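Visitor: Here it is, the structure in full.
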Amino acid sequence: MNLIISAITMVDLTNKEAKRIYFSPDKNLLTSEHNHLGKSVIMKSIYYTLGAEVYYPHPIKKLNLLTYIDFSLDSHQYRIARLKNTFVLYCDGSFCGRFPSVNEFGNELSKLFGLEINLVGKDQEGTIVRCPPAFYYMPYYIDQENGWAANSFSFDRMTQFDMPQRKSSYFFHLGVLDNRYVEISKRQKTNSRQINTLKTETEKYRTVIETLQAGLNAVQMSFDTASLERAIALRQVEIKQLLGEISKVRSDLLEAGDQLVQILHEKEVLSKYIKKKIQKTESSTNETIECPRCGMVFEQALRQKLEKAYLLESLHDDYTSVSGRQAQLERKVTKLQRKFDDKQHTLADYEKSLVSDRESYNAYVKSKATNQMLKEYWEQIGHNNEEIDRLKKDNVNIRKLLVSYAQERDQANTIYLNNLEKLLIGLDIPSDQVEENSEPGSALIASGAYGPRCKVAQILAFIETQHRISPDLITFPVVIDSPNVLEQDNEHLDTVIRSLLMWDKTDNQIIVASIQGRDIATKIDGVNIVTLSNPQNHLFCPSEYAMYEVEIAELFTQF
């Protein structure tokens with residue numbers, strides 16, 4: 001099923017200028033007498049209009065550019081128009097829809113072409129995404145600037161997939177790979193990563209288990225936890241009671257100490273009075289005093305002596321009494337201090353015992369928690385092992401499926417290499433310029449002018465292989481810009497152009513842009529030669545805009 005382009009129209013909406021090129025369904029040569037007449041812009045616009053991102057030159061990027069293309073596919077006539085990243089689609093003259101993004105338009109093309117290419121992106125999760133439209137056209141297009149490089153860089157914005165993924169997309173066109181292959185391939189890689197993760201996690205669990213188990217074995221714990229809990233509770237009660245007793249003894253001790261201080265102070269005062277000398281007073285020797293008790297009469301001087309004797313005796317009596325009370329208090333303080341110290345020692349023993357009991361209990365609790373942790377770790381190891389077994393079985397089944405894909409891929413590649421070998425001979429390319437394990441889409445590192453010829457051989461070998469093994473799949477026009485790169489000599493350039501314009505192995509439409517090759521094309525039947533004669537660097541013209549103005553206006557209203 002070939003897609004055949006009949007015409008492409010490019011419109012500068014701002015300056016109201018346009019250019020339309022008609023194509024033959026077979027072979028086409030786009031040429032001109034000089035460079036910079038717009039051949040490459042026309043070639044780029046073909047697949048740009050169909051949703052690919054191309055490397056437009058700066059002057060074209062600045063334009064308010066509308067492009068639309070007419071093509072036939074499966075007995076229907078289609079028109080697709082593009083303005084920036086918005087697309088409109090017509091089928092057999094009827095409007096079919098407007099698509100405001102390349103992604104939405106790509107979904108519509110997938111249904112239209114009956115082809116879907118899903119690949120694994122380069123993000124960390126390896127998300128499977130639908131490829132943009134450029135991947136439909138990549139095997140068929142070589143642009144002037146980047147297409148002749150070793151890798152396929154004719155389209156922009158394709159680096160969301162790595163090179164192996166981009167190469168795999170070629171085998172979708174050959175009917176060898178499909179989206180199921182992508183899904184199971186990703187699943188196999190995901191399974192393998194998960195298996196490695198689970199194995200690493202299991203090893204960590206085993207290391208922790210060995211460490212924890214060694215600690216448990218060293219302690220050898222065996223407890224009557226109920227008795228231990230009762231002992232802890234009883235000791236706490238005893239400590240509380242003992243603290244009360246200590247508080248009371250301390251209060252008594254402080255009170256006795258205060259009393260002792262008072263006694264010592266009183267004793268000190270008495271001592272001072274006893275030692276104090278009583279001053280002498282003069283008295284009359286004639287004066288007498290009668291004793292109130294016995295009635296005896298005494299002289300006044302004797303009275304003073306008696307008073308001193310009585311006072312001294314009273315002080316000594318008081319001093320003796322205070323000294324006795326002091327001795328009693330000192331004995332009481334000593335007794336209370338001893339009692340206080342004993343209870344303090346008992347408290348320390350109780351607290352030490354309580355700490356020991358609590359440590360034993362905490363050790364038991366920790367050992368119980370450790371045992372629970374060990375149990376959970378063993379369960380997790382068991383779960384990991386079950387999951388690893390499941391993933392391994394799934395990978396075994398996947399490998400069986402992938403074997404069949406690999407066999408089909410090898411068979412297709414064998415056909416491709418046979419076709420490529422013949423083309424290399426026809427294009428005068430030594431076989432050692434291409435690696436033996438080369439595949440469609442592989443980089444071709446060929447020396448000098450061999451490179452471009454190898455790229456042409458690669459494309460033609462691919463479409464010949466596709467025609468042979470999957471003739472019902474859609475194929476697209478071969479669009480090749482400037483095959484005279486890297487100083488091809490006239491002889492080899494003639495060979496390349498002749499090979500393209502005389503290609504009869506498939507029914508693909510072929511469009512070649514080259515400043516050379518007109519003489520060859522005129523000698524080949526059925527070649528449509530389009531010669532550009534516009535001024536340099538000015539492809540569009542007002543007259544062509546006026547010619548298609550009604551058509552352009554009708555299209556523009558759909559955007």
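Convention: chains lettered A, B, ... in structure tokens order; per-chain residue numbering from 1; ligands numbered from 1 as shown.
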Can you tell me, as a PyMOL selection string, which residues in range 372-545 of chain A count as helix (DSSP H, G or I) by DSSP?
Guide: chain A and resi 372-426+431-433+450-469+490-501+518-522+542-545
Visitor: Excluding Gly324 in chain A and residues on its chain fewer than 4 positions from it, collect all residues at most 12 Å away from it, counting only C-alpha atoms, and give them as a list of chain:residue names.
Guide: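 After dropping sequence-adjacent residues, the list is A:Leu260, A:Ile263, A:Leu264, A:Lys267, A:Asp317, A:Asp318, A:Tyr319, A:Thr320, A:Gln328, A:Leu329, A:Glu330, A:Arg331.
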Visitor: Could you dump the residues just selected with N, CA, C and O atoms as a PDB file, in the first residue's frame?
Guide:
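Saved as result-v1.pdb:
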```pdb
ATOM      1  N   LEU A 260      19.907  22.379 119.309  1.00  0.00           N
ATOM      2  CA  LEU A 260      21.279  22.309 119.786  1.00  0.00           C
ATOM      3  C   LEU A 260      21.998  23.628 119.588  1.00  0.00           C
ATOM      4  O   LEU A 260      22.771  24.072 120.451  1.00  0.00           O
ATOM      5  N   ILE A 263      20.871  25.932 122.372  1.00  0.00           N
ATOM      6  CA  ILE A 263      21.479  25.562 123.671  1.00  0.00           C
ATOM      7  C   ILE A 263      22.919  26.045 123.729  1.00  0.00           C
ATOM      8  O   ILE A 263      23.367  26.601 124.739  1.00  0.00           O
ATOM      9  N   LEU A 264      23.643  25.828 122.642  1.00  0.00           N
ATOM     10  CA  LEU A 264      25.034  26.266 122.618  1.00  0.00           C
ATOM     11  C   LEU A 264      25.150  27.764 122.755  1.00  0.00           C
ATOM     12  O   LEU A 264      26.064  28.283 123.411  1.00  0.00           O
ATOM     13  N   LYS A 267      24.433  28.576 126.414  1.00  0.00           N
ATOM     14  CA  LYS A 267      25.587  28.178 127.239  1.00  0.00           C
ATOM     15  C   LYS A 267      26.719  29.185 127.096  1.00  0.00           C
ATOM     16  O   LYS A 267      27.403  29.521 128.081  1.00  0.00           O
ATOM     17  N   ASP A 317      24.389  26.822 138.326  1.00  0.00           N
ATOM     18  CA  ASP A 317      23.277  25.847 138.206  1.00  0.00           C
ATOM     19  C   ASP A 317      22.683  25.870 136.802  1.00  0.00           C
ATOM     20  O   ASP A 317      22.412  24.819 136.197  1.00  0.00           O
ATOM     21  N   ASP A 318      22.476  27.077 136.310  1.00  0.00           N
ATOM     22  CA  ASP A 318      21.902  27.193 134.947  1.00  0.00           C
ATOM     23  C   ASP A 318      22.869  26.603 133.912  1.00  0.00           C
ATOM     24  O   ASP A 318      22.459  25.931 132.951  1.00  0.00           O
ATOM     25  N   TYR A 319      24.155  26.843 134.084  1.00  0.00           N
ATOM     26  CA  TYR A 319      25.156  26.350 133.143  1.00  0.00           C
ATOM     27  C   TYR A 319      25.180  24.822 133.134  1.00  0.00           C
ATOM     28  O   TYR A 319      25.248  24.182 132.084  1.00  0.00           O
ATOM     29  N   THR A 320      25.055  24.242 134.357  1.00  0.00           N
ATOM     30  CA  THR A 320      25.040  22.773 134.463  1.00  0.00           C
ATOM     31  C   THR A 320      23.807  22.199 133.796  1.00  0.00           C
ATOM     32  O   THR A 320      23.864  21.183 133.082  1.00  0.00           O
ATOM     33  N   GLN A 328      22.106  15.716 125.841  1.00  0.00           N
ATOM     34  CA  GLN A 328      20.950  14.947 125.348  1.00  0.00           C
ATOM     35  C   GLN A 328      20.696  15.218 123.854  1.00  0.00           C
ATOM     36  O   GLN A 328      20.440  14.293 123.070  1.00  0.00           O
ATOM     37  N   LEU A 329      20.753  16.485 123.488  1.00  0.00           N
ATOM     38  CA  LEU A 329      20.491  16.834 122.083  1.00  0.00           C
ATOM     39  C   LEU A 329      21.567  16.283 121.157  1.00  0.00           C
ATOM     40  O   LEU A 329      21.292  15.841 120.039  1.00  0.00           O
ATOM     41  N   GLU A 330      22.815  16.301 121.637  1.00  0.00           N
ATOM     42  CA  GLU A 330      23.878  15.772 120.800  1.00  0.00           C
ATOM     43  C   GLU A 330      23.690  14.286 120.559  1.00  0.00           C
ATOM     44  O   GLU A 330      23.923  13.783 119.452  1.00  0.00           O
ATOM     45  N   ARG A 331      23.250  13.561 121.596  1.00  0.00           N
ATOM     46  CA  ARG A 331      22.971  12.130 121.420  1.00  0.00           C
ATOM     47  C   ARG A 331      21.800  11.923 120.463  1.00  0.00           C
ATOM     48  O   ARG A 331      21.815  11.022 119.613  1.00  0.00           O
TER      49      ARG A 331
END
```
Visitor: So, counting only C-alpha atoms, which residue among A:Cys96, A:Ile524, A:Leu501, A:Ile463 is closest to Met138 in chain A?
Guide: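 Selected residue with least distance to Met138 in chain A: A:Ile463.
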Visitor: I need the residue nearest Pro132 in chain A from this list: A:Ile69, A:Met10, A:Ala52, A:Met163. Use only C-alpha atoms for the distance.
Guide: A:Ala52
Visitor: Could you pull the residues within 10 Å of Phe559 in chain A, counting only C-alpha atoms, minus those fewer than 3 positions along the same chain, as a list in words?
Guide: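 Near neighbours after the sequence-gap exclusion: Ala81, Arg82, Leu83, Thr86, Phe87, Val88, Arg98, Phe99, Pro100, Glu554, Leu555 and Phe556 of chain A.
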Visitor: Point out the residue among A:Lys332, A:Arg399, A:Glu549, A:Ser94 with the least atom-to-atom distance to Gln259 in chain A, counting only C-alpha atoms.
Guide: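 Closest to Gln259 in chain A of all the choices is A:Lys332.
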Visitor: Pull the closest atom pair for each residue of range 446-559 of chain A that gets at most 10 Å from range 31-50 of chain A, along with the distance in Å to one decimal, counting only C-alpha atoms, ordering rows by chain and then ascending residue number, as CSV.
Guide:
```
residue,atom,partner,partner_atom,distance
A:Phe476,CA,A:Tyr47,CA,10.0
A:Pro477,CA,A:Ile46,CA,9.7
A:Val479,CA,A:Met43,CA,7.0
A:Ile480,CA,A:Met43,CA,7.9
A:Asp481,CA,A:Ser40,CA,6.5
A:Ser482,CA,A:Ser40,CA,8.2
A:Ile511,CA,A:Met43,CA,8.3
A:Val512,CA,A:Thr31,CA,8.5
A:Ala513,CA,A:Thr31,CA,5.9
A:Ser514,CA,A:Thr31,CA,5.3
A:Ile515,CA,A:Thr31,CA,5.0
A:Gln516,CA,A:Thr31,CA,7.1
A:Gly517,CA,A:Thr31,CA,8.0
A:Arg518,CA,A:Thr31,CA,7.2
A:Ile529,CA,A:Thr31,CA,7.3
A:Val530,CA,A:Thr31,CA,6.1
A:Thr531,CA,A:Thr31,CA,4.9
A:Leu532,CA,A:Ser32,CA,5.0
A:Ser533,CA,A:Ser32,CA,6.7
A:Asn534,CA,A:Leu37,CA,6.5
A:Pro535,CA,A:Leu37,CA,6.6
A:Gln536,CA,A:Leu37,CA,4.8
A:Asn537,CA,A:His36,CA,5.5
A:His538,CA,A:Leu37,CA,6.8
A:Leu539,CA,A:Gly38,CA,5.6
A:Phe540,CA,A:Gly38,CA,9.1
```
Visitor: Got a sec: who's within 8 Å of Arg409 in chain A, counting only C-alpha atoms, leaving out chain neighbours fewer than 3 positions off, as a count of residues only?
Guide: 7
